[in-house]
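Notes follow once the structure below has been shown.
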2 protein chains.
Amino acid sequence: MAPMSTDTYHHGDLHRALLGAVGEIVAEQGFHDLSLREAARRAGVSHSAPAHHFGDKDGLLDAFAIEGFELLANRFDHATRSHDSDDDPIDLVEGLGRAYLTFAVEDPAHYAVMFNHTKPHDEYVGSDLAVAADACFEQLAGAVVELVHHGLVAEANARYVATMLWGTCHGIAVLWNDDKLPHFYEDHSFEGVLDGVMGVIRGLLRA
Amino acid sequence: MAPMSTDTYHHGDLHRALLGAVGEIVAEQGFHDLSLREAARRAGVSHSAPAHHFGDKDGLLDAFAIEGFELLANRFDHATRSHDSDDDPIDLVEGLGRAYLTFAVEDPAHYAVMFNHTKPHDEYVGSDLAVAADACFEQLAGAVVELVHHGLVAEANARYVATMLWGTCHGIAVLWNDDKLPHFYEDHSFEGVLDGVMGVIRGLLRA
DNA sequence: ACGTCAAGTTGACGGTGTAAAGATATACCG
DNA sequence: CGGTATATCTTTACACCGTCAACTTGACGT
């Protein structure tokens, strides 16, 4: 273990400290006002220390976004494991949908970076970030395969249902977190929306 | 009409020229690399001319985003007008969905600014941008009301169906434009995805 | 003709990302 | 234990950015 004392020349775990600072700043001031120098300031290091750990700003955002996708994947794992394969596959879909949306609303900082930190096509494809993002999508797609097995979805439609599912979750998450939706609901709480939307999805899939 | 000559001290229509430059830059280099100074350069004016028309960077992005929401509203109008009220209301929903997604894919620059240019809650609510965004959502909600009238959706679920509809469109648009989806489809063309998803939505609503 | 005012310019300031070169503490190897 | 190597962090510098204040230009009304 590293010393971790606060006044040594070496920080101890600057890598994690910087990721933590990014989370703080994005949560407080939003994604667009984030600066490397401010993150370095909060970690108590000089302004160009981050470069040694993450290369450049893009690298730091990459790392934070990947961390986010891993957190989401963990929630998916948890939801998947608490589902018995004999159960109604719609329960699995609902579980994943709820996991996705609660993650996005509970950790808007990670969620914002995961999807606001976009890159040009050539840089994105094949990157670690793309791999982490795809891994999450695969878990959603797995639930749709379950629907196909139970005859609730035609195999030819499986891909489309999966992208629709991801799209629906992502769209609602973004619209809610960016204040496009809340004023349409009196209580301004997300739980009601979550229940309502899940009810609709259940109804549609069941039919 | 203003003189429009290129070497006069006064530009003629700098307002529109700057909005056009923003579109160019975002289309070429993405939202995050956009700078006021580059926009001014492309418009052939000094670096601080934009301030006189838009106040600050936020103002310019606001104007461009509002322009985007108006373009989208126009497409919605067109889709709504070409729908006979005796027709299947699902056709109207599909028409609006197609209009939304084709707009997002055909004009990714406007679409990116419309949803990447986020503000803190207090600044957003009540702003012109919020008004323009809500107007678009109302048109979608109108189609859902039509579904309710035809008994295809319970009135209690209307709000949830509307947010789900918007969420689905928005989510798919963002995921596609940001390269999260294309590599799941061999031909990398959006038309197939559009048809597939619309087919699924039709099937779900019809049931 | 003149004054007024909108439209653009110029110059400056602090803040940002990044690169190069220097300083320092830890790790490793005899 | 001693000395060197190396990863870690700092310092310095540079170009670019958004914004502000002061200035210049041109058009327009009276």
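Naming works like this for the structure tokens: A, B, ... for the chains as they're shown, residue 1 at the start of each chain, ligands 1 onward in shown order.
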Nearby residues (only C-alpha atoms (C1' of nucleotides)) at most 12 Å from Pro89 (chain A), same-chain spacing under 3 positions excluded, as an MDAnalysis selection string: chainID A and resid 80 83:86 92:96 142:153 202 205:206
8 Å contacts from chain A to chain D using only C-alpha atoms (C1' of nucleotides), as an NGL selection string: :A and (9-10 or 45-46 or 49 or 52)
Pull C-alpha atoms from the residues just selected and write them as a PDB file, in the first residue's frame.
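And here's selection.pdb as it stands now:
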```
ATOM      1  CA  TYR A   9       5.570  14.802  -2.869  1.00  0.00           C
ATOM      2  CA  HIS A  10       3.873  11.730  -4.220  1.00  0.00           C
ATOM      3  CA  VAL A  45      -1.649  18.525  -7.254  1.00  0.00           C
ATOM      4  CA  SER A  46      -0.224  20.776  -9.926  1.00  0.00           C
ATOM      5  CA  ALA A  49      -0.062  16.158 -13.061  1.00  0.00           C
ATOM      6  CA  HIS A  52       1.037  11.576 -16.500  1.00  0.00           C
TER       7      HIS A  52
END
```
Check: which chain C residues lie within 9 Å of chain A using only C-alpha atoms (C1' of nucleotides), as a VMD selection string: chain C and resid 16 to 18 24 to 26
Dump as an mmCIF file with C-alpha atoms, in the first residue's frame the residues of chain A that approach chain B to within 6 Å, counting only C-alpha atoms.
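Output below, filename result-v8.cif:
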```
data_model
loop_
_atom_site.group_PDB
_atom_site.id
_atom_site.type_symbol
_atom_site.label_atom_id
_atom_site.label_comp_id
_atom_site.auth_asym_id
_atom_site.auth_seq_id
_atom_site.Cartn_x
_atom_site.Cartn_y
_atom_site.Cartn_z
ATOM 1 C CA TYR A 160 -34.855 -3.953 -33.293
ATOM 2 C CA GLY A 167 -33.072 3.730 -26.901
ATOM 3 C CA THR A 168 -36.116 4.088 -24.686
ATOM 4 C CA HIS A 170 -31.385 6.134 -22.713
ATOM 5 C CA GLY A 171 -33.816 8.692 -24.072
ATOM 6 C CA ILE A 172 -35.863 8.876 -20.904
ATOM 7 C CA GLY A 196 -45.603 4.372 -15.110
ATOM 8 C CA VAL A 197 -43.230 3.722 -17.971
ATOM 9 C CA LEU A 204 -46.948 -3.642 -24.599
ATOM 10 C CA ALA A 207 -49.850 -8.240 -25.605
#
```
